[in-house]
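**Q** This is protein_22.pdb (PDB, C-alpha atoms).
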ATOM      1  CA  MET A 229      83.903  74.895  47.863
ATOM      2  CA  LYS A 230      83.240  77.787  45.503
ATOM      3  CA  LYS A 231      83.408  81.551  45.476
ATOM      4  CA  GLU A 232      82.495  84.131  42.825
ATOM      5  CA  VAL A 233      84.043  87.489  41.975
ATOM      6  CA  PHE A 234      83.572  89.965  39.134
ATOM      7  CA  ILE A 235      86.504  91.675  37.425
ATOM      8  CA  ASN A 236      86.803  94.410  34.797
ATOM      9  CA  ILE A 237      89.771  94.458  32.416
ATOM     10  CA  ASP A 238      90.681  97.408  30.198
ATOM     11  CA  HIS A 239      92.355  96.300  26.980
ATOM     12  CA  ASN A 240      92.699  98.056  23.608
ATOM     13  CA  ASP A 241      89.967 100.562  24.542
ATOM     14  CA  PHE A 242      87.583  97.729  25.443
ATOM     15  CA  GLU A 243      86.179  97.062  28.879
ATOM     16  CA  ILE A 244      86.056  93.314  29.360
ATOM     17  CA  LYS A 245      83.675  92.154  32.067
ATOM     18  CA  CYS A 246      84.333  88.717  33.542
ATOM     19  CA  LYS A 247      82.629  86.626  36.185
ATOM     20  CA  VAL A 248      85.139  84.316  37.889
ATOM     21  CA  ILE A 249      84.179  81.138  39.726
ATOM     22  CA  PHE A 250      86.895  79.710  41.977
ATOM     23  CA  ASP A 251      86.253  76.024  42.627
ATOM     24  CA  THR A 252      88.197  73.502  44.712
ATOM     25  CA  LYS A 253      87.057  70.766  42.314
ATOM     26  CA  ILE A 254      89.095  72.328  39.490
ATOM     27  CA  LYS A 255      92.636  71.068  39.880
ATOM     28  CA  SER A 256      94.891  73.025  37.508
ATOM     29  CA  ARG A 257      93.443  74.468  34.311
ATOM     30  CA  ILE A 258      91.669  77.820  33.916
ATOM     31  CA  TYR A 259      88.586  77.679  31.672
ATOM     32  CA  VAL A 260      87.228  80.763  29.888
ATOM     33  CA  SER A 261      83.953  80.815  27.963
ATOM     34  CA  VAL A 262      81.875  83.437  26.166
ATOM     35  CA  SER A 263      78.132  83.729  26.606
ATOM     36  CA  SER A 264      76.152  84.851  23.571
ATOM     37  CA  GLU A 265      73.454  86.091  25.942
ATOM     38  CA  ASN A 266      75.686  88.731  27.477
ATOM     39  CA  ASN A 267      77.167  91.962  26.169
ATOM     40  CA  PHE A 268      80.220  91.808  23.906
ATOM     41  CA  TYR A 269      83.335  90.547  25.707
ATOM     42  CA  SER A 270      81.360  89.466  28.746
ATOM     43  CA  LEU A 271      83.122  86.314  29.920
ATOM     44  CA  LEU A 272      82.875  83.502  32.426
ATOM     45  CA  ALA A 273      86.073  82.071  33.904
ATOM     46  CA  LYS A 274      86.410  78.972  36.069
ATOM     47  CA  ALA A 275      89.655  78.386  37.942
ATOM     48  CA  PRO A 276      91.252  76.437  40.811
ATOM     49  CA  TYR A 277      90.302  77.935  44.155
ATOM     50  CA  ASP A 278      93.669  79.549  44.941
ATOM     51  CA  THR A 279      94.370  81.009  41.472
ATOM     52  CA  PRO A 280      95.666  84.624  41.594
ATOM     53  CA  ILE A 281      93.431  87.115  39.754
ATOM     54  CA  PHE A 282      96.358  88.379  37.662
ATOM     55  CA  LYS A 283      96.760  84.921  36.065
ATOM     56  CA  ILE A 284      93.155  85.016  34.857
ATOM     57  CA  GLU A 285      93.541  88.574  33.577
ATOM     58  CA  ASP A 286      96.754  87.649  31.731
ATOM     59  CA  LEU A 287      95.069  84.640  30.114
ATOM     60  CA  ILE A 288      92.118  86.726  28.906
ATOM     61  CA  ILE A 289      94.314  89.495  27.496
ATOM     62  CA  LYS A 290      96.604  86.962  25.807
ATOM     63  CA  ASN A 291      93.569  85.362  24.113
ATOM     64  CA  PHE A 292      91.612  88.567  23.482
ATOM     65  CA  GLU A 293      91.427  88.225  19.686
ATOM     66  CA  GLN A 294      90.568  84.539  19.911
ATOM     67  CA  LEU A 295      87.760  85.265  22.386
ATOM     68  CA  SER A 296      86.292  87.906  20.071
ATOM     69  CA  VAL A 297      86.218  85.369  17.238
ATOM     70  CA  ILE A 298      84.479  82.862  19.512
ATOM     71  CA  LYS A 299      81.917  85.508  20.433
ATOM     72  CA  LYS A 300      81.189  86.270  16.781
ATOM     73  CA  ASN A 301      80.928  82.579  15.972
ATOM     74  CA  LYS A 302      78.451  82.086  18.820
ATOM     75  CA  GLU A 303      76.385  85.044  17.662
ATOM     76  CA  ASN A 304      76.370  83.818  14.061
ATOM     77  CA  ASN A 305      76.000  80.193  15.214
ATOM     78  CA  VAL A 306      78.170  78.906  12.386
ATOM     79  CA  PHE A 307      77.561  75.264  13.362
ATOM     80  CA  LEU A 308      73.783  75.320  13.497
ATOM     81  CA  ASN A 309      71.370  78.150  12.772
ATOM     82  CA  GLN A 310      67.731  77.200  13.135
ATOM     83  CA  LYS A 311      66.547  80.672  12.094
ATOM     84  CA  LYS A 312      68.385  80.458   8.772
ATOM     85  CA  ASN A 313      67.809  76.690   8.446
ATOM     86  CA  ILE A 314      71.471  75.905   7.868
ATOM     87  CA  LEU A 315      73.975  73.628   9.571
ATOM     88  CA  MET A 316      77.634  72.789   9.099
ATOM     89  CA  TYR A 317      78.513  69.175   8.383
ATOM     90  CA  LEU A 318      82.046  67.975   7.646
ATOM     91  CA  GLY A 319      83.139  71.518   6.887
ATOM     92  CA  GLU A 320      80.320  72.351   4.463
ATOM     93  CA  VAL A 321      77.170  74.399   5.060
ATOM     94  CA  TYR A 322      73.887  72.676   4.182
ATOM     95  CA  PRO A 323      70.260  73.813   4.275
ATOM     96  CA  PHE A 324      67.770  71.754   6.215
ATOM     97  CA  GLU A 325      64.011  71.359   6.137
ATOM     98  CA  ILE A 326      61.902  70.533   9.193
ATOM     99  CA  SER A 327      58.609  68.651   9.174
ATOM    100  CA  ILE A 328      56.453  67.916  12.223
ATOM    101  CA  ASP A 329      54.571  64.633  12.610
ATOM    102  CA  ALA A 330      53.481  63.544  16.076
ATOM    103  CA  ASN A 331      52.909  59.988  14.804
ATOM    104  CA  LYS A 332      56.487  59.476  13.638
ATOM    105  CA  ARG A 333      59.729  59.202  15.531
ATOM    106  CA  ASN A 334      62.448  61.813  15.217
ATOM    107  CA  LYS A 335      64.576  61.224  12.156
ATOM    108  CA  VAL A 336      67.310  63.085  10.272
ATOM    109  CA  LYS A 337      68.258  62.225   6.688
ATOM    110  CA  LYS A 338      70.778  63.773   4.318
ATOM    111  CA  ILE A 339      69.717  63.555   0.685
ATOM    112  CA  ASP A 340      72.135  65.050  -1.840
ATOM    113  CA  ASN A 341      72.934  68.559  -0.571
ATOM    114  CA  LYS A 342      70.107  68.972   1.933
ATOM    115  CA  PHE A 343      69.098  67.646   5.363
ATOM    116  CA  TYR A 344      65.521  66.601   6.101
ATOM    117  CA  VAL A 345      64.481  66.594   9.753
ATOM    118  CA  CYS A 346      61.255  64.919  10.861
ATOM    119  CA  LEU A 347      60.224  65.696  14.453
ATOM    120  CA  LYS A 348      57.447  64.728  16.836
ATOM    121  CA  VAL A 349      57.557  68.266  18.222
ATOM    122  CA  GLU A 350      59.699  71.196  17.112
ATOM    123  CA  THR A 351      61.532  71.389  20.442
ATOM    124  CA  ASP A 352      63.062  67.964  19.692
ATOM    125  CA  PHE A 353      65.291  69.529  17.027
ATOM    126  CA  PRO A 354      68.555  69.786  19.065
ATOM    127  CA  LYS A 355      68.116  66.240  20.380
ATOM    128  CA  ALA A 356      67.473  64.843  16.890
ATOM    129  CA  ILE A 357      70.515  66.561  15.387
ATOM    130  CA  GLU A 358      72.696  65.426  18.287
ATOM    131  CA  SER A 359      71.549  61.822  17.850
ATOM    132  CA  TYR A 360      72.248  61.940  14.106
ATOM    133  CA  PHE A 361      75.708  63.449  14.570
ATOM    134  CA  LYS A 362      76.588  60.845  17.197
ATOM    135  CA  LYS A 363      75.673  57.971  14.876
ATOM    136  CA  GLU A 364      77.574  59.516  11.967
ATOM    137  CA  ALA A 365      80.585  60.185  14.201
ATOM    138  CA  GLU A 366      80.621  56.549  15.287
ATOM    139  CA  LYS A 367      80.661  55.475  11.629
ATOM    140  CA  LEU A 368      83.446  57.912  10.683
ATOM    141  CA  ILE A 369      85.664  58.696  13.679
ATOM    142  CA  ILE A 370      85.936  55.239  15.245
ATOM    143  CA  PRO A 371      87.147  53.431  12.083
ATOM    144  CA  MET A 372      89.464  56.366  11.329
ATOM    145  CA  ALA A 373      90.991  56.104  14.812
ATOM    146  CA  TYR A 374      91.644  52.376  14.390
ATOM    147  CA  GLU A 375      93.179  52.928  10.959
ATOM    148  CA  ILE A 376      95.561  55.649  12.185
ATOM    149  CA  ALA A 377      96.434  53.672  15.321
ATOM    150  CA  ASN A 378      97.328  50.602  13.221
ATOM    151  CA  ARG A 379      99.431  52.752  10.922
ATOM    152  CA  TYR A 380     101.620  53.801  13.869
ATOM    153  CA  ASN A 381     101.412  50.513  15.784
ATOM    154  CA  LEU A 382      99.398  52.061  18.626
ATOM    155  CA  LYS A 383      96.721  50.243  20.594
ATOM    156  CA  PHE A 384      93.829  51.464  22.718
ATOM    157  CA  ASN A 385      91.218  49.572  24.708
ATOM    158  CA  GLU A 386      88.130  51.740  24.344
ATOM    159  CA  ILE A 387      86.798  54.548  22.177
ATOM    160  CA  LYS A 388      83.552  56.492  22.597
ATOM    161  CA  ILE A 389      81.706  59.378  20.984
ATOM    162  CA  LYS A 390      80.321  61.824  23.535
ATOM    163  CA  LYS A 391      78.944  65.316  23.954
ATOM    164  CA  LEU A 392      82.127  66.771  25.446
ATOM    165  CA  LYS A 393      81.856  70.242  26.969
ATOM    166  CA  ARG A 394      85.466  71.413  27.216
ATOM    167  CA  ALA A 395      87.436  69.483  24.629
ATOM    168  CA  TRP A 396      87.269  67.982  21.153
ATOM    169  CA  GLY A 397      88.714  64.751  22.510
ATOM    170  CA  ASN A 398      90.431  63.218  25.510
ATOM    171  CA  CYS A 399      92.637  60.240  26.250
ATOM    172  CA  LYS A 400      93.197  58.382  29.508
ATOM    173  CA  SER A 401      96.637  56.902  29.032
ATOM    174  CA  ARG A 402      96.398  54.581  32.049
ATOM    175  CA  THR A 403      93.320  52.780  30.765
ATOM    176  CA  LYS A 404      94.111  53.471  27.087
ATOM    177  CA  SER A 405      90.602  54.803  26.530
ATOM    178  CA  MET A 406      89.652  57.708  24.284
ATOM    179  CA  SER A 407      86.580  59.892  23.815
ATOM    180  CA  PHE A 408      85.774  62.256  20.953
ATOM    181  CA  SER A 409      83.227  65.036  20.721
ATOM    182  CA  LEU A 410      80.293  64.437  18.401
ATOM    183  CA  ASN A 411      80.651  68.106  17.408
ATOM    184  CA  LEU A 412      83.776  67.190  15.456
ATOM    185  CA  MET A 413      81.340  66.237  12.697
ATOM    186  CA  HIS A 414      80.967  69.949  11.966
ATOM    187  CA  PHE A 415      84.579  70.006  10.722
ATOM    188  CA  LYS A 416      86.381  68.701   7.665
ATOM    189  CA  LYS A 417      87.821  65.198   7.878
ATOM    190  CA  GLU A 418      91.340  66.644   7.938
ATOM    191  CA  ILE A 419      90.574  68.458  11.202
ATOM    192  CA  ILE A 420      89.068  65.298  12.679
ATOM    193  CA  GLU A 421      92.217  63.407  11.705
ATOM    194  CA  TYR A 422      94.346  65.929  13.609
ATOM    195  CA  VAL A 423      92.266  65.487  16.793
ATOM    196  CA  ILE A 424      92.603  61.712  16.512
ATOM    197  CA  CYS A 425      96.394  62.010  16.079
ATOM    198  CA  HIS A 426      96.502  64.360  19.065
ATOM    199  CA  GLU A 427      94.699  61.921  21.344
ATOM    200  CA  LEU A 428      96.613  58.896  20.063
ATOM    201  CA  SER A 429      99.848  60.717  20.890
ATOM    202  CA  HIS A 430      98.688  60.853  24.508
ATOM    203  CA  LEU A 431      98.946  57.068  24.604
ATOM    204  CA  ILE A 432     102.719  57.627  24.420
ATOM    205  CA  TYR A 433     103.047  61.011  26.151
ATOM    206  CA  PRO A 434     100.325  61.764  28.770
ATOM    207  CA  ASN A 435     101.151  65.496  28.712
ATOM    208  CA  HIS A 436     101.810  68.347  26.279
ATOM    209  CA  SER A 437     105.587  68.204  26.382
ATOM    210  CA  ARG A 438     107.924  68.998  23.495
ATOM    211  CA  LEU A 439     108.168  65.271  22.733
ATOM    212  CA  PHE A 440     104.382  65.050  22.618
ATOM    213  CA  TRP A 441     104.130  67.808  20.004
ATOM    214  CA  MET A 442     106.985  66.271  18.012
ATOM    215  CA  ASN A 443     104.999  63.035  17.869
ATOM    216  CA  VAL A 444     101.833  64.874  16.812
ATOM    217  CA  GLU A 445     103.799  66.583  14.033
ATOM    218  CA  LYS A 446     105.152  63.234  12.861
ATOM    219  CA  MET A 447     101.610  61.890  12.599
ATOM    220  CA  TYR A 448     100.001  65.084  11.299
ATOM    221  CA  PRO A 449     102.597  67.564   9.901
ATOM    222  CA  ASP A 450     100.101  70.442   9.444
ATOM    223  CA  TYR A 451      98.859  70.192  13.031
ATOM    224  CA  LYS A 452      99.388  73.900  13.802
ATOM    225  CA  SER A 453      96.907  74.974  11.127
ATOM    226  CA  ALA A 454      94.288  72.475  12.323
ATOM    227  CA  ARG A 455      94.854  73.482  15.932
ATOM    228  CA  ASN A 456      94.364  77.165  15.097
ATOM    229  CA  GLN A 457      91.076  76.420  13.332
ATOM    230  CA  LEU A 458      89.754  74.553  16.365
ATOM    231  CA  ARG A 459      90.841  77.343  18.689
ATOM    232  CA  LYS A 460      88.307  79.644  17.038
ATOM    233  CA  TYR A 461      85.549  77.615  18.640
ATOM    234  CA  ILE A 462      86.873  76.586  22.071
ATOM    235  CA  VAL A 463      89.137  77.957  24.802
TER
END
If you took the structure in this file and wrote it as structure tokens, what would it be?

**A**
Amino acid sequence: MKKEVFINIDHNDFEIKCKVIFDTKIKSRIYVSVSSENNFYSLLAKAPYDTPIFKIEDLIIKNFEQLSVIKKNKENNVFLNQKKNILMYLGEVYPFEISIDANKRNKVKKIDNKFYVCLKVETDFPKAIESYFKKEAEKLIIPMAYEIANRYNLKFNEIKIKKLKRAWGNCKSRTKSMSFSLNLMHFKKEIIEYVICHELSHLIYPNHSRLFWMNVEKMYPDYKSARNQLRKYIV
């Protein structure tokens, strides 16, 4: 069951407009996202069905500066900008060149400091980039996860690279399975390492308790800096 309401929040001389979707399928967490198609500070919130409005308002106000950064990043499209022909890969910005050939299959190659993208049709661009990033993530993130896990005598049963919508990674402690977002390939390896340490820590602590964060810090001492960088791009 769902219901929708619209709220206006006045904060620091800004009027923040937010559409709220209450959903019985959402169990505990409140999700807030920014749409680049809407006016500045126009938000979408999704929350458990019985969540009080004031909790959503408090969350938005608390994260006001972070949300404004996310909005700017979406407008500038720092990860991938097809108009400017640039993309971010492992923390560096690279130009790319597109060629269209209906007789060839979609292919992405990185040669020196430039990406070359061959497409059957131009609309295949997002799909081709996603496929390339997934393959590269499998070659980088999966071996890195095994290496870090072995270092700390941790074991998991399954690891996958996916197009995650609401997280950079997740861990199911009961089945000891982990998933990581292919979009992590936009970030430096150090940031990827933090996300891996974060999810591996969930094998021991399936929560975000004080002991969990102490374990993350043991594995990745500068975790707060990495966490803050990721927070610029996701709520």

**Q** Could you check the closest approach to Met372 of chain A for each of A:Ile420, A:Ile389, A:Cys346, A:Val336 and tell me which residue wins, using all atoms listed in the file?

**A**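 Selected residue with least distance to Met372 of chain A: A:Ile420.
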
**Q** Pull out every residue that the PyMOL selection byres ((chain A and resi 444) around 9) matches in the shown coordinates and put them as an mmCIF file with C-alpha atoms, in the frame of the given file.

**A**
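To be explicit, this is the file written out as out_28.cif:
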data_model
loop_
_atom_site.group_PDB
_atom_site.id
_atom_site.type_symbol
_atom_site.label_atom_id
_atom_site.label_comp_id
_atom_site.auth_asym_id
_atom_site.auth_seq_id
_atom_site.Cartn_x
_atom_site.Cartn_y
_atom_site.Cartn_z
ATOM 1 C CA TYR A 422 94.346 65.929 13.609
ATOM 2 C CA CYS A 425 96.394 62.010 16.079
ATOM 3 C CA HIS A 426 96.502 64.360 19.065
ATOM 4 C CA GLU A 427 94.699 61.921 21.344
ATOM 5 C CA LEU A 428 96.613 58.896 20.063
ATOM 6 C CA SER A 429 99.848 60.717 20.890
ATOM 7 C CA LEU A 439 108.168 65.271 22.733
ATOM 8 C CA PHE A 440 104.382 65.050 22.618
ATOM 9 C CA TRP A 441 104.130 67.808 20.004
ATOM 10 C CA MET A 442 106.985 66.271 18.012
ATOM 11 C CA ASN A 443 104.999 63.035 17.869
ATOM 12 C CA GLU A 445 103.799 66.583 14.033
ATOM 13 C CA LYS A 446 105.152 63.234 12.861
ATOM 14 C CA MET A 447 101.610 61.890 12.599
ATOM 15 C CA TYR A 448 100.001 65.084 11.299
ATOM 16 C CA PRO A 449 102.597 67.564 9.901
ATOM 17 C CA TYR A 451 98.859 70.192 13.031
#

**Q** Segment 229-237 of chain A: which residues within 9 Å, counting all atoms listed in the file, same-chain residues fewer than 4 positions away excluded, as JSON, numbers by chain?

**A** {"A": [242, 243, 244, 245, 246, 247, 248, 249, 250, 251, 252, 253, 277, 281, 285, 288, 289]}

**Q** Let me see the file: selected residues, C-alpha atoms, as a JSON list (two decimals), in the frame of the given file.

**A**
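So the final result, stored in out.json, reads:
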[["chain", "number", "residue", "atom", "x", "y", "z"],
["A", 242, "PHE", "CA", 87.58, 97.73, 25.44],
["A", 243, "GLU", "CA", 86.18, 97.06, 28.88],
["A", 244, "ILE", "CA", 86.06, 93.31, 29.36],
["A", 245, "LYS", "CA", 83.68, 92.15, 32.07],
["A", 246, "CYS", "CA", 84.33, 88.72, 33.54],
["A", 247, "LYS", "CA", 82.63, 86.63, 36.18],
["A", 248, "VAL", "CA", 85.14, 84.32, 37.89],
["A", 249, "ILE", "CA", 84.18, 81.14, 39.73],
["A", 250, "PHE", "CA", 86.90, 79.71, 41.98],
["A", 251, "ASP", "CA", 86.25, 76.02, 42.63],
["A", 252, "THR", "CA", 88.20, 73.50, 44.71],
["A", 253, "LYS", "CA", 87.06, 70.77, 42.31],
["A", 277, "TYR", "CA", 90.30, 77.94, 44.16],
["A", 281, "ILE", "CA", 93.43, 87.12, 39.75],
["A", 285, "GLU", "CA", 93.54, 88.57, 33.58],
["A", 288, "ILE", "CA", 92.12, 86.73, 28.91],
["A", 289, "ILE", "CA", 94.31, 89.50, 27.50]]

**Q** Any idea what's packed within 9 Å of Lys400 of chain A, counting only C-alpha atoms, ignoring anything in its chain fewer than 4 positions away? Could you give it as a PyMOL selection string?

**A** chain A and resi 404-407+430-431+434

**Q** How would the residues just picked look written out with C-alpha atoms as an mmCIF file, keeping the file's coordinate frame?

**A**
data_model
loop_
_atom_site.group_PDB
_atom_site.id
_atom_site.type_symbol
_atom_site.label_atom_id
_atom_site.label_comp_id
_atom_site.auth_asym_id
_atom_site.auth_seq_id
_atom_site.Cartn_x
_atom_site.Cartn_y
_atom_site.Cartn_z
ATOM 1 C CA LYS A 404 94.111 53.471 27.087
ATOM 2 C CA SER A 405 90.602 54.803 26.530
ATOM 3 C CA MET A 406 89.652 57.708 24.284
ATOM 4 C CA SER A 407 86.580 59.892 23.815
ATOM 5 C CA HIS A 430 98.688 60.853 24.508
ATOM 6 C CA LEU A 431 98.946 57.068 24.604
ATOM 7 C CA PRO A 434 100.325 61.764 28.770
#

**Q** Can you work out the spacing between atom CA of His414 of chain A and atom CA of Asn385 of chain A in Å, to one decimal?

**A**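 Atom-to-atom, atom CA of His414 of chain A and atom CA of Asn385 of chain A are spaced 26.1 Å apart.
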
**Q** How many Å separate atom CA of Leu410 of chain A from atom CA of Leu347 of chain A?

**A** 20.5 Å

**Q** Applied to this file, what does the PyMOL selection byres ((chain A and resi 394) around 12) return in terms of residues, put as a list in words?

**A**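 On the file shown, the PyMOL selection byres ((chain A and resi 394) around 12) covers Arg257, Ile258, Tyr259, Val260, Ser261, Lys274, Lys390, Lys391, Leu392, Lys393, Ala395, Trp396, Gly397, Asn398, Phe408, Ser409, Asn411, Arg459, Tyr461, Ile462 and Val463 of chain A.
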
**Q** Run the PyMOL selection byres ((chain A and resi 415-418) around 10) mentally over the shown coordinates, then write out the matched residues as a ChimeraX atom specification, using the chain letters and numbers from the document.

**A** /A:307,316-320,368-369,372,411-414,419-424,448,450-451,454,457-458

**Q** Which value, in Å to one decimal, gives the distance between atom CA of Ile326 of chain A and atom CA of Glu350 of chain A?

**A**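 Computing it gives 8.2 Å between the two atoms.
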
**Q** From the set A:Ile314, A:Cys399, A:Leu287, A:Ile357, which residue has the shortest atom-to-atom contact distance to Asn334 of chain A, counting only C-alpha atoms?

**A**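 For Asn334 of chain A, the nearest of the given residues is A:Ile357.
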
**Q** Please identify all polymer residues within 7 Å of Asn331 of chain A, counting all atoms listed in the file, omitting same-chain residues fewer than 2 positions from it, and present them as a list in words.

**A**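 These residues fall inside the cut-off: Asp329, Arg333 and Lys348 of chain A.
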